[in-house]
>>> print(open('query_12.cif').read())   # mmCIF, C-alpha atoms
data_data
loop_
_atom_site.label_atom_id
_atom_site.label_comp_id
_atom_site.auth_asym_id
_atom_site.auth_seq_id
_atom_site.Cartn_x
_atom_site.Cartn_y
_atom_site.Cartn_z
CA MET A 1 98.71 125.74 58.51
CA GLU A 2 98.59 126.29 62.24
CA THR A 3 97.77 123.32 64.44
CA ARG A 4 95.27 125.34 66.48
CA ASP A 5 93.05 125.40 63.39
CA LEU A 6 93.11 121.62 63.21
CA ILE A 7 90.72 119.35 65.02
CA LEU A 8 91.91 115.91 65.99
CA ILE A 9 89.36 113.59 64.37
CA GLU A 10 89.59 111.06 67.19
CA HIS A 11 88.64 113.79 69.65
CA PHE A 12 85.66 114.78 67.51
CA CYS A 13 84.52 111.16 67.24
CA ALA A 14 84.78 110.65 71.00
CA ASN A 15 82.67 113.73 71.66
CA HIS A 16 79.98 112.78 69.20
CA GLU A 17 80.16 109.06 69.89
CA ILE A 18 80.65 108.17 66.26
CA GLU A 19 82.97 105.73 64.51
CA PHE A 20 86.16 106.86 62.83
CA SER A 21 85.05 104.95 59.75
CA PHE A 22 82.49 107.69 59.13
CA PHE A 23 85.37 110.07 58.41
CA ASN A 24 87.08 107.54 56.19
CA SER A 25 83.91 107.25 54.14
CA LEU A 26 83.55 111.03 53.86
CA ASN A 27 87.16 111.20 52.76
CA GLU A 28 86.71 108.46 50.16
CA PHE A 29 83.75 110.31 48.67
CA GLY A 30 85.81 113.49 48.50
CA LEU A 31 83.44 115.24 50.90
CA ILE A 32 86.18 116.22 53.34
CA LYS A 33 89.94 116.46 53.38
CA ILE A 34 91.76 114.64 56.15
CA ILE A 35 95.07 116.20 57.13
CA VAL A 36 97.75 113.83 58.43
CA GLN A 37 100.45 115.20 60.71
CA GLU A 38 102.79 112.95 62.67
CA ASP A 39 100.49 109.95 62.33
CA ASN A 40 97.53 111.91 63.65
CA LYS A 41 94.53 112.64 61.51
CA TYR A 42 93.02 116.10 61.61
CA LEU A 43 90.23 118.08 60.12
CA HIS A 44 90.48 121.78 59.40
CA GLN A 45 88.24 123.81 61.72
CA GLU A 46 86.59 125.44 58.69
CA GLN A 47 85.19 122.06 57.67
CA LEU A 48 83.66 121.34 61.04
CA LYS A 49 80.30 122.93 60.38
CA GLU A 50 79.84 120.98 57.16
CA VAL A 51 80.97 117.76 58.82
CA GLU A 52 78.40 118.24 61.57
CA LYS A 53 75.76 118.70 58.90
CA MET A 54 76.90 115.50 57.17
CA MET A 55 76.82 113.74 60.51
CA ARG A 56 73.21 114.80 61.15
CA MET A 57 72.23 113.74 57.65
CA HIS A 58 73.85 110.35 58.05
CA TYR A 59 72.92 109.46 61.61
CA ASP A 60 69.63 111.32 62.11
CA LEU A 61 68.18 111.05 58.62
CA ASN A 62 69.72 107.79 57.47
CA ILE A 63 71.24 109.29 54.33
CA ASN A 64 74.13 107.38 52.77
CA MET A 65 77.35 108.89 51.41
CA GLU A 66 76.07 109.10 47.83
CA GLY A 67 73.00 110.96 49.10
CA ILE A 68 75.11 113.38 51.15
CA ASP A 69 77.27 114.04 48.11
CA VAL A 70 74.23 114.88 45.97
CA ILE A 71 72.66 117.00 48.71
CA PHE A 72 75.79 119.08 49.13
CA LEU A 73 75.97 119.73 45.41
CA LEU A 74 72.33 120.80 45.40
CA LEU A 75 72.75 122.91 48.55
CA ASN A 76 75.56 124.72 46.82
CA ARG A 77 73.29 125.41 43.92
CA ILE A 78 70.57 126.65 46.29
CA HIS A 79 73.05 129.02 47.94
CA ASN A 80 74.07 130.43 44.58
CA LEU A 81 70.46 130.80 43.50
CA GLN A 82 69.52 132.47 46.78
CA ASP A 83 72.35 134.91 46.24
CA GLU A 84 71.21 135.62 42.71
CA LEU A 85 67.65 136.08 43.98
CA ARG A 86 68.82 138.58 46.58
CA ILE A 87 70.67 140.60 43.93
CA THR A 88 67.67 140.46 41.59
CA GLN A 89 65.30 141.53 44.37
CA ASN A 90 67.56 144.47 45.14
CA LYS A 91 67.49 145.42 41.45
CA LEU A 92 63.70 145.25 41.45
CA LYS A 93 63.68 147.74 44.29
CA LEU A 94 64.79 150.30 41.71
CA TYR A 95 61.29 150.17 40.27
CA ASP A 96 59.48 150.36 43.62
CA ASN A 97 57.63 153.59 44.45
CA GLU A 98 58.33 155.04 41.05
CA ASP A 99 56.79 158.48 40.80
CA MET B 1 47.01 127.70 73.66
CA GLU B 2 45.63 125.05 71.33
CA PHE B 3 45.60 121.29 71.38
CA ILE B 4 48.22 119.90 68.96
CA ASP B 5 47.40 116.73 67.07
CA TYR B 6 50.79 114.99 66.98
CA TYR B 7 49.41 112.10 64.91
CA LYS B 8 48.28 114.52 62.26
CA ILE B 9 51.65 116.24 62.24
CA LEU B 10 53.45 112.94 61.61
CA GLU B 11 50.69 111.93 59.16
CA ILE B 12 50.03 108.65 60.96
CA GLN B 13 47.12 106.84 62.62
CA LYS B 14 46.47 106.54 66.34
CA THR B 15 47.07 102.82 65.96
CA SER B 16 50.52 103.27 64.40
CA THR B 17 53.33 101.15 65.78
CA GLU B 18 56.69 102.43 67.02
CA ALA B 19 58.24 101.41 63.71
CA ASP B 20 55.56 103.37 61.80
CA ILE B 21 56.29 106.43 63.91
CA LYS B 22 60.01 106.15 63.34
CA ALA B 23 59.55 105.76 59.60
CA ALA B 24 57.11 108.67 59.41
CA TYR B 25 59.41 110.90 61.46
CA ARG B 26 62.42 110.08 59.31
CA LYS B 27 60.51 110.72 56.10
CA LEU B 28 59.24 114.12 57.25
CA ALA B 29 62.55 115.05 58.85
CA ARG B 30 64.27 114.43 55.52
CA LYS B 31 61.78 116.78 53.93
CA TYR B 32 61.91 119.61 56.45
CA HIS B 33 65.32 119.34 58.13
CA PRO B 34 66.87 122.84 58.31
CA ASP B 35 70.16 121.49 56.96
CA LEU B 36 68.30 120.62 53.77
CA ASN B 37 66.21 123.80 53.67
CA PRO B 38 68.59 126.71 54.10
CA ASN B 39 67.02 130.03 55.06
CA ASP B 40 63.52 128.59 55.04
CA GLU B 41 61.65 129.68 58.16
CA ASN B 42 58.57 127.61 57.31
CA ALA B 43 60.61 124.43 57.04
CA LYS B 44 62.31 125.24 60.34
CA MET B 45 58.96 125.67 62.07
CA LYS B 46 57.60 122.50 60.53
CA PHE B 47 60.71 120.60 61.62
CA GLN B 48 60.23 121.79 65.19
CA GLN B 49 56.65 120.50 65.11
CA ILE B 50 57.78 117.15 63.72
CA ASN B 51 60.48 116.88 66.37
CA GLU B 52 57.99 117.65 69.10
CA ALA B 53 55.49 115.12 67.77
CA ASN B 54 58.24 112.51 67.58
CA GLU B 55 59.44 113.41 71.08
CA VAL B 56 56.00 112.55 72.43
CA LEU B 57 54.88 109.66 70.23
CA SER B 58 58.16 107.75 70.20
CA ASP B 59 58.34 107.71 73.99
CA PRO B 60 55.84 105.13 75.31
CA GLU B 61 55.28 107.00 78.59
CA LYS B 62 54.73 110.36 76.93
CA ARG B 63 52.53 108.80 74.27
CA LYS B 64 50.39 107.12 76.90
CA LYS B 65 49.85 110.37 78.72
CA TYR B 66 49.12 112.20 75.49
CA ASP B 67 46.59 109.58 74.34
CA LYS B 68 44.88 109.67 77.70
CA TYR B 69 44.77 113.38 78.37
CA GLY B 70 45.91 115.08 75.20
CA LYS B 71 42.57 116.60 74.27
CA ASP B 72 41.85 117.47 77.90
CA TRP B 73 45.30 118.94 78.47
CA LYS B 74 43.79 121.72 80.56
CA HIS B 75 42.71 119.18 83.15
CA ALA B 76 45.55 116.70 82.79
CA ASP B 77 47.10 117.61 86.12
CA GLU B 78 43.77 117.28 87.94
CA PHE B 79 43.20 113.86 86.38
CA GLU B 80 46.68 112.79 87.37
CA LYS B 81 46.17 113.98 90.93
CA ALA B 82 42.82 112.22 91.21
CA ASN B 83 44.38 109.04 89.88
CA GLN B 84 47.26 109.21 92.28
CA GLN B 85 44.94 109.71 95.23
CA GLN B 86 42.74 106.83 94.18
CA SER B 87 45.60 104.42 93.87
CA GLN B 88 47.28 105.93 96.95
CA SER B 89 50.55 105.89 95.11
CA ARG B 90 53.41 108.05 96.33
CA GLY B 91 53.34 110.26 93.31
CA SER B 92 55.98 112.86 93.39
CA SER B 93 55.45 116.02 91.45
CA GLY B 94 59.12 115.93 90.48
CA GLY B 95 59.61 119.65 90.33
CA LYS B 96 59.70 121.44 87.05
CA GLN B 97 63.04 121.21 85.35
CA THR B 98 64.09 124.45 83.88
CA ASN B 99 67.52 123.64 82.57
CA ARG B 100 67.14 122.99 78.89
CA GLY B 101 70.78 122.78 78.07
CA GLU B 102 72.15 124.13 74.83
CA TYR B 103 70.20 122.69 71.97
CA GLU B 104 70.96 122.92 68.33
CA ASP B 105 69.33 126.10 67.18
CA PHE B 106 66.72 124.23 65.19
CA SER B 107 65.67 121.49 67.55
CA GLY B 108 65.23 123.13 70.92
CA ASP B 109 61.88 124.86 70.94
CA PHE B 110 58.78 123.17 72.22
CA SER B 111 55.25 124.48 72.10
CA GLU B 112 53.38 125.80 75.11
CA PHE B 113 51.08 122.81 74.75
CA PHE B 114 54.04 120.42 75.07
CA GLU B 115 55.41 122.26 78.07
CA SER B 116 52.05 122.31 79.82
CA MET B 117 51.88 118.53 79.53
CA TYR B 118 55.48 117.53 80.12
CA GLY B 119 57.23 120.52 81.68
CA SER B 120 59.80 122.77 80.09
CA GLY B 121 62.70 120.38 80.71
CA ALA B 122 61.03 117.38 79.16
CA GLY B 123 62.49 117.73 75.70
CA GLY B 124 65.67 116.06 76.81
CA ARG B 125 66.37 114.08 73.71
CA SER B 126 67.12 117.06 71.56
CA LYS B 127 70.70 117.28 70.45
CA GLN B 128 72.90 119.14 72.85
CA THR B 129 76.04 120.93 71.82
CA LYS B 130 78.76 118.37 72.18
CA PHE B 131 81.71 120.03 70.59
CA ARG B 132 81.48 123.06 68.31
CA GLY B 133 79.42 125.91 69.76
CA GLN B 134 76.14 126.96 68.22
CA ASP B 135 76.00 129.53 65.45
CA LEU B 136 74.02 132.64 66.20
CA ASN B 137 72.06 134.76 63.77
CA ALA B 138 71.41 138.45 64.10
CA GLU B 139 69.80 141.02 61.87
CA LEU B 140 71.12 144.53 61.58
CA HIS B 141 68.87 147.27 60.20
CA LEU B 142 70.74 150.20 58.73
CA ASN B 143 70.16 153.19 56.50
CA LEU B 144 71.94 153.63 53.20
CA MET B 145 74.11 156.37 54.69
CA ASP B 146 75.26 154.00 57.48
CA VAL B 147 77.04 151.82 54.91
CA TYR B 148 78.39 154.66 52.78
CA LYS B 149 81.54 154.69 54.90
CA THR B 150 83.28 151.85 56.73
CA GLN B 151 82.39 152.17 60.37
CA GLN B 152 82.85 150.50 63.72
CA GLN B 153 79.78 149.51 65.63
CA THR B 154 79.30 147.75 68.93
CA LEU B 155 76.57 145.15 68.94
CA THR B 156 75.11 143.30 71.88
CA VAL B 157 74.43 139.69 70.97
CA ASN B 158 73.37 137.25 73.67
CA GLY B 159 74.44 139.72 76.35
CA LYS B 160 77.94 140.03 74.92
CA SER B 161 79.31 143.19 73.34
CA ILE B 162 80.96 142.66 69.99
CA ARG B 163 82.95 145.34 68.25
CA LEU B 164 82.26 145.04 64.60
CA THR B 165 83.65 146.70 61.49
CA ILE B 166 80.95 147.20 58.90
CA PRO B 167 82.66 147.58 55.53
CA ALA B 168 81.36 150.32 53.26
CA GLY B 169 79.21 149.04 50.42
CA VAL B 170 77.47 146.20 52.26
CA GLU B 171 74.33 145.24 50.34
CA ASN B 172 70.78 144.70 51.46
CA GLY B 173 70.32 141.04 52.44
CA GLN B 174 74.06 140.36 52.57
CA VAL B 175 75.25 138.04 55.32
CA ILE B 176 78.57 138.51 57.09
CA LYS B 177 80.17 135.80 59.22
CA ILE B 178 81.92 136.82 62.41
CA THR B 179 84.03 133.80 63.24
CA GLY B 180 84.04 132.55 66.80
CA HIS B 181 81.33 134.85 68.14
CA GLY B 182 78.63 132.19 68.46
CA THR B 183 78.17 130.23 71.67
CA PRO B 184 81.28 128.68 73.23
CA GLY B 185 82.33 125.21 72.18
CA VAL B 186 82.52 122.39 74.71
CA ASN B 187 85.22 119.79 75.38
CA GLY B 188 87.80 121.81 73.49
CA GLY B 189 85.57 122.40 70.48
CA PRO B 190 85.69 125.77 68.71
CA ASN B 191 83.10 128.47 69.29
CA GLY B 192 80.21 128.80 66.90
CA ASP B 193 80.05 131.74 64.50
CA LEU B 194 77.85 134.79 64.40
CA TYR B 195 76.01 135.50 61.16
CA ILE B 196 74.78 139.03 60.64
CA THR B 197 72.20 139.73 57.96
CA PHE B 198 72.05 143.34 56.85
CA THR B 199 68.74 144.95 56.06
CA ILE B 200 69.33 148.29 54.42
CA ALA B 201 66.43 150.68 54.12
CA ASN B 202 65.75 152.53 50.89
CA HIS B 203 66.98 156.09 50.69
CA PRO B 204 64.26 158.66 49.91
CA LYS B 205 66.35 160.23 47.17
CA PHE B 206 68.80 157.65 45.88
CA LYS B 207 68.11 154.15 44.65
CA ARG B 208 70.94 151.69 44.70
CA GLU B 209 71.91 148.81 42.49
CA GLY B 210 75.20 147.34 43.59
CA SER B 211 77.59 150.25 43.61
CA ASN B 212 75.56 152.43 41.24
CA LEU B 213 73.09 155.02 42.43
CA TYR B 214 70.08 156.39 40.62
CA ALA B 215 68.29 159.67 41.29
CA ASN B 216 65.64 161.81 39.63
CA VAL B 217 66.17 165.54 39.34
CA ASP B 218 63.42 167.99 38.42
CA LEU B 219 64.17 170.61 35.77
CA ASP B 220 62.00 173.65 35.26
CA LEU B 221 60.73 174.21 31.74
CA TYR B 222 62.92 177.21 31.02
CA THR B 223 66.20 175.59 32.14
CA ALA B 224 65.31 172.53 30.05
CA LEU B 225 64.57 174.68 27.00
CA LEU B 226 67.27 177.28 27.27
CA GLY B 227 69.95 175.47 29.26
CA GLY B 228 71.69 176.65 32.43
CA ASP B 229 73.42 175.52 35.59
CA ILE B 230 71.82 173.55 38.39
CA GLN B 231 73.05 172.06 41.65
CA VAL B 232 72.28 168.43 42.43
CA ASP B 233 72.74 166.43 45.60
CA THR B 234 75.09 163.45 45.67
CA LEU B 235 75.94 161.38 48.73
CA ASP B 236 79.24 163.23 48.67
CA GLY B 237 77.72 166.73 48.70
CA LYS B 238 76.32 169.04 46.05
CA VAL B 239 77.70 169.22 42.51
CA LYS B 240 77.10 171.78 39.79
CA LEU B 241 75.77 170.47 36.48
CA LYS B 242 75.48 172.21 33.14
CA ILE B 243 72.16 171.64 31.44
CA ALA B 244 72.29 171.71 27.67
CA PRO B 245 69.60 173.73 25.88
CA GLU B 246 66.58 171.68 24.74
CA THR B 247 67.16 168.93 27.29
CA GLN B 248 64.31 166.43 27.05
CA SER B 249 62.50 164.88 29.99
CA ASN B 250 63.94 161.45 30.96
CA THR B 251 67.41 162.37 29.72
CA LYS B 252 69.98 160.42 31.72
CA VAL B 253 73.42 161.63 32.70
CA LYS B 254 76.16 159.67 34.39
CA LEU B 255 78.27 161.20 37.15
CA LYS B 256 81.31 158.98 37.21
CA GLY B 257 82.54 157.92 40.64
CA LYS B 258 79.67 159.64 42.45
CA GLY B 259 77.87 156.41 43.24
CA PHE B 260 78.25 154.01 46.14
CA PRO B 261 81.50 152.53 47.47
CA VAL B 262 82.40 149.14 45.98
CA TYR B 263 82.30 146.49 48.73
CA LYS B 264 85.78 145.68 50.07
CA LYS B 265 87.49 147.82 47.42
CA GLU B 266 88.83 150.80 49.27
CA GLY B 267 88.51 154.06 47.35
CA GLU B 268 86.50 152.57 44.45
CA PHE B 269 83.08 154.01 43.75
CA GLY B 270 80.25 153.26 41.35
CA ASP B 271 78.49 155.91 39.28
CA LEU B 272 75.50 158.12 39.92
CA TYR B 273 72.87 158.15 37.16
CA ILE B 274 70.62 161.18 37.09
CA THR B 275 67.37 161.27 35.19
CA TYR B 276 65.92 164.70 34.45
CA ASN B 277 62.22 165.26 34.85
CA VAL B 278 61.03 168.37 33.12
CA LYS B 279 58.31 169.95 35.23
CA LEU B 280 55.77 172.00 33.35
CA PRO B 281 54.58 175.16 35.07
CA THR B 282 51.09 175.07 36.56
CA HIS B 283 48.59 177.79 37.57
CA LEU B 284 49.45 179.84 34.50
CA THR B 285 48.56 183.52 34.62
CA GLU B 286 46.55 185.10 31.82
CA LYS B 287 49.71 186.71 30.52
CA GLU B 288 51.57 183.38 30.43
CA LYS B 289 48.67 181.70 28.64
CA GLU B 290 48.71 184.46 26.10
CA LEU B 291 52.44 184.07 25.48
CA PHE B 292 52.26 180.28 25.25
CA THR B 293 49.41 180.57 22.77
CA GLU B 294 51.54 182.88 20.72
CA LEU B 295 54.44 180.44 20.90
CA SER B 296 52.22 177.58 19.88
CA LYS B 297 51.27 179.43 16.74
CA LEU B 298 54.93 179.51 15.74
CA ARG B 299 54.97 175.71 15.69
CA THR B 300 51.91 174.54 13.90
CA ASN B 301 52.81 170.82 14.08
CA GLY B 302 53.30 171.01 17.87
CA ASN B 303 56.83 169.53 17.88
#
>>> encode(input="query_12.cif", output="structure tokens")
Amino acid sequence: METRDLILIEHFCANHEIEFSFFNSLNEFGLIKIIVQEDNKYLHQEQLKEVEKMMRMHYDLNINMEGIDVIFLLLNRIHNLQDELRITQNKLKLYDNED
Amino acid sequence: MEFIDYYKILEIQKTSTEADIKAAYRKLARKYHPDLNPNDENAKMKFQQINEANEVLSDPEKRKKYDKYGKDWKHADEFEKANQQQSQSRGSSGGKQTNRGEYEDFSGDFSEFFESMYGSGAGGRSKQTKFRGQDLNAELHLNLMDVYKTQQQTLTVNGKSIRLTIPAGVENGQVIKITGHGTPGVNGGPNGDLYITFTIANHPKFKREGSNLYANVDLDLYTALLGGDIQVDTLDGKVKLKIAPETQSNTKVKLKGKGFPVYKKEGEFGDLYITYNVKLPTHLTEKEKELFTELSKLRTNGN
């Protein structure tokens, strides 16, 4: 894994003015994966968007870790259902404007 | 421009305390937050309204002004001026701030009503980008033929040209992520991403389901009855088909590999399903009627 894809968690915390413990909690709940390299803790860039979402849920909406965990499971389900819906809607198009 | 009842939006009373407002905002935000309502434009709009209402009602100064002039927003400035003159205060107009900063894509927009009362730069408490850049969303409208072959296209998003490879077989409604082409990150944060949603128009002749195509082909009565050769269109050009004698209307044939390209599988194609529609002749001449009558006598049961 290249280091340029890794975000130093301390740096992220400083920018967002949040405690490091927030990341520890996310890690404990299995919501993120912290990568340790030479005593530094990193987050993969791909996870950043999700982490920002979790941060908004926690700090702006007062949702605890258990709640975030449940929400992410449900959001995943919504994404899958939305995908299925899109495919079904495209299938239905076959019957549109039938002569 | 209409008056906006911020109390109604937050479902609270005019007498509500700061704590009530905070609680009401949090409750509604949990319901309509875009993070919790993916791809829901109504929720996004509602969340913007809630944010705006909270922006005003949770700020004592803004709330005071709103309570005093809200309904008379058209004359708010005149009232203010008159007040300032009466009290001979050194009221400064302050100058309208125009720099909004980079807001999260779902919390930055304020209504005209809000801006007329507080100025366009007054929504300062919205979240600004602090690290990772914002994601951008774009919609690309294409025809079926545009996604029949992989092609390069240059798009202009937010004033920037992006060279994009559109893989053959993209489906209607499919979203593709272009990493790093959102707005730039700040303080060393990565750029946001660009999400492109494809809207693919129906083809007049071919209907598509995944990588399969469906088309109707008209057959004249005599070819259907006696058989023969016809030429049919495919997306790949014309092909010759043999029609068996006594082919019934609604008969389906499959042309293997003549369908649509399979997404991200180079060289793989779906099938083309053709349904024959037997067209009966119209405007029969007297002679034809005579012959058909004769034919009908040969088959007394009609089948």
>>> resolve_selection(input="query_12.cif", expression="the PyMOL selection byres ((chain A) within 10 of (chain B))", output="PyMOL selection string")
chain A and resi 4-5+7+11-17+45-46+48-50+52-54+56-57+60-63+71-72+74-75+78-79+82-83+86-97+99
>>> atom_distance(input="query_12.cif", atom1="CA of Leu85 in chain A", atom2="CA of Lys252 in chain B")
27.4 Å
>>> residues_around(input="query_12.cif", residues="Thr234 in chain B", least_positions_apart="3", cutoff="12 Å", atoms="only C-alpha atoms", output="compact mmCIF listing (two decimals) with C-alpha atoms, in the frame of the given file")
# COMPACT_ATOMS: atom_id res chain seq x y z
CA MET B 145 74.11 156.37 54.69
CA TYR B 148 78.39 154.66 52.78
CA LYS B 205 66.35 160.23 47.17
CA PHE B 206 68.80 157.65 45.88
CA LYS B 207 68.11 154.15 44.65
CA ASN B 212 75.56 152.43 41.24
CA LEU B 213 73.09 155.02 42.43
CA TYR B 214 70.08 156.39 40.62
CA ALA B 215 68.29 159.67 41.29
CA ASN B 216 65.64 161.81 39.63
CA VAL B 217 66.17 165.54 39.34
CA GLN B 231 73.05 172.06 41.65
CA GLY B 237 77.72 166.73 48.70
CA LYS B 238 76.32 169.04 46.05
CA VAL B 239 77.70 169.22 42.51
CA LYS B 240 77.10 171.78 39.79
CA LEU B 241 75.77 170.47 36.48
CA LYS B 254 76.16 159.67 34.39
CA LEU B 255 78.27 161.20 37.15
CA LYS B 256 81.31 158.98 37.21
CA GLY B 257 82.54 157.92 40.64
CA LYS B 258 79.67 159.64 42.45
CA GLY B 259 77.87 156.41 43.24
CA PHE B 260 78.25 154.01 46.14
CA ASP B 271 78.49 155.91 39.28
CA LEU B 272 75.50 158.12 39.92
CA TYR B 273 72.87 158.15 37.16
CA ILE B 274 70.62 161.18 37.09
>>> axis_aligned_box(input="query_12.cif", around="range 32-48 of chain A", padding_each_side="6 Å", output="lines of an AutoDock Vina configuration file")
center_x = 93.2
center_y = 117.7
center_z = 58.5
size_x = 31.1
size_y = 27.5
size_z = 22.3
>>> atom_distance(input="query_12.cif", atom1="CA of Ile68 in chain A", atom2="CA of Ala43 in chain B")
19.2 Å
>>> atom_distance(input="query_12.cif", atom1="CA of Ser296 in chain B", atom2="CA of Asp220 in chain B")
18.6 Å
>>> residues_around(input="query_12.cif", residues="Glu246 in chain B", least_positions_apart="5", cutoff="12 Å", atoms="only C-alpha atoms", output="PyMOL selection string")
chain B and resi 219-228+251+276+278
>>> residues_around(input="query_12.cif", residues="Thr17 in chain B", least_positions_apart="5", cutoff="10 Å", atoms="all atoms listed in the file", output="list in words")
Ile12, Lys22, Ala23, Leu57 and Ser58 of chain B
>>> resolve_selection(input="query_12.cif", expression="the PyMOL selection byres ((chain A and resi 26) around 12)", output="PyMOL selection string")
chain A and resi 19-25+27-34+43+47+50-52+54-55+58+64-69
>>> resolve_selection(input="query_12.cif", expression="the PyMOL selection byres ((chain B and resi 265) around 12)", output="list of chain:residue names")
B:Lys149, B:Thr150, B:Pro167, B:Ala168, B:Gly169, B:Val170, B:Ser211, B:Phe260, B:Pro261, B:Val262, B:Tyr263, B:Lys264, B:Glu266, B:Gly267, B:Glu268, B:Phe269, B:Gly270
>>> residues_around(input="query_12.cif", residues="Gly70 in chain B", least_positions_apart="5", cutoff="9 Å", atoms="all atoms listed in the file", output="list of chain:residue names")
B:Phe3, B:Ile4, B:Asp5, B:Lys65, B:Ala76, B:Met117
>>> write_last_selection(input="query_12.cif", atoms="C-alpha atoms", output="PDB file, in the coordinates of the input")
ATOM      1  CA  PHE B   3      45.600 121.290  71.380  1.00  0.00           C
ATOM      2  CA  ILE B   4      48.220 119.900  68.960  1.00  0.00           C
ATOM      3  CA  ASP B   5      47.400 116.730  67.070  1.00  0.00           C
ATOM      4  CA  LYS B  65      49.850 110.370  78.720  1.00  0.00           C
ATOM      5  CA  ALA B  76      45.550 116.700  82.790  1.00  0.00           C
ATOM      6  CA  MET B 117      51.880 118.530  79.530  1.00  0.00           C
TER       7      MET B 117
END
>>> residues_around(input="query_12.cif", residues="range 151-160 of chain B", least_positions_apart="3", cutoff="12 Å", atoms="all atoms listed in the file", output="NGL selection string")
:B and (134-142 or 145-148 or 163-170 or 178 or 181-184 or 193-196)
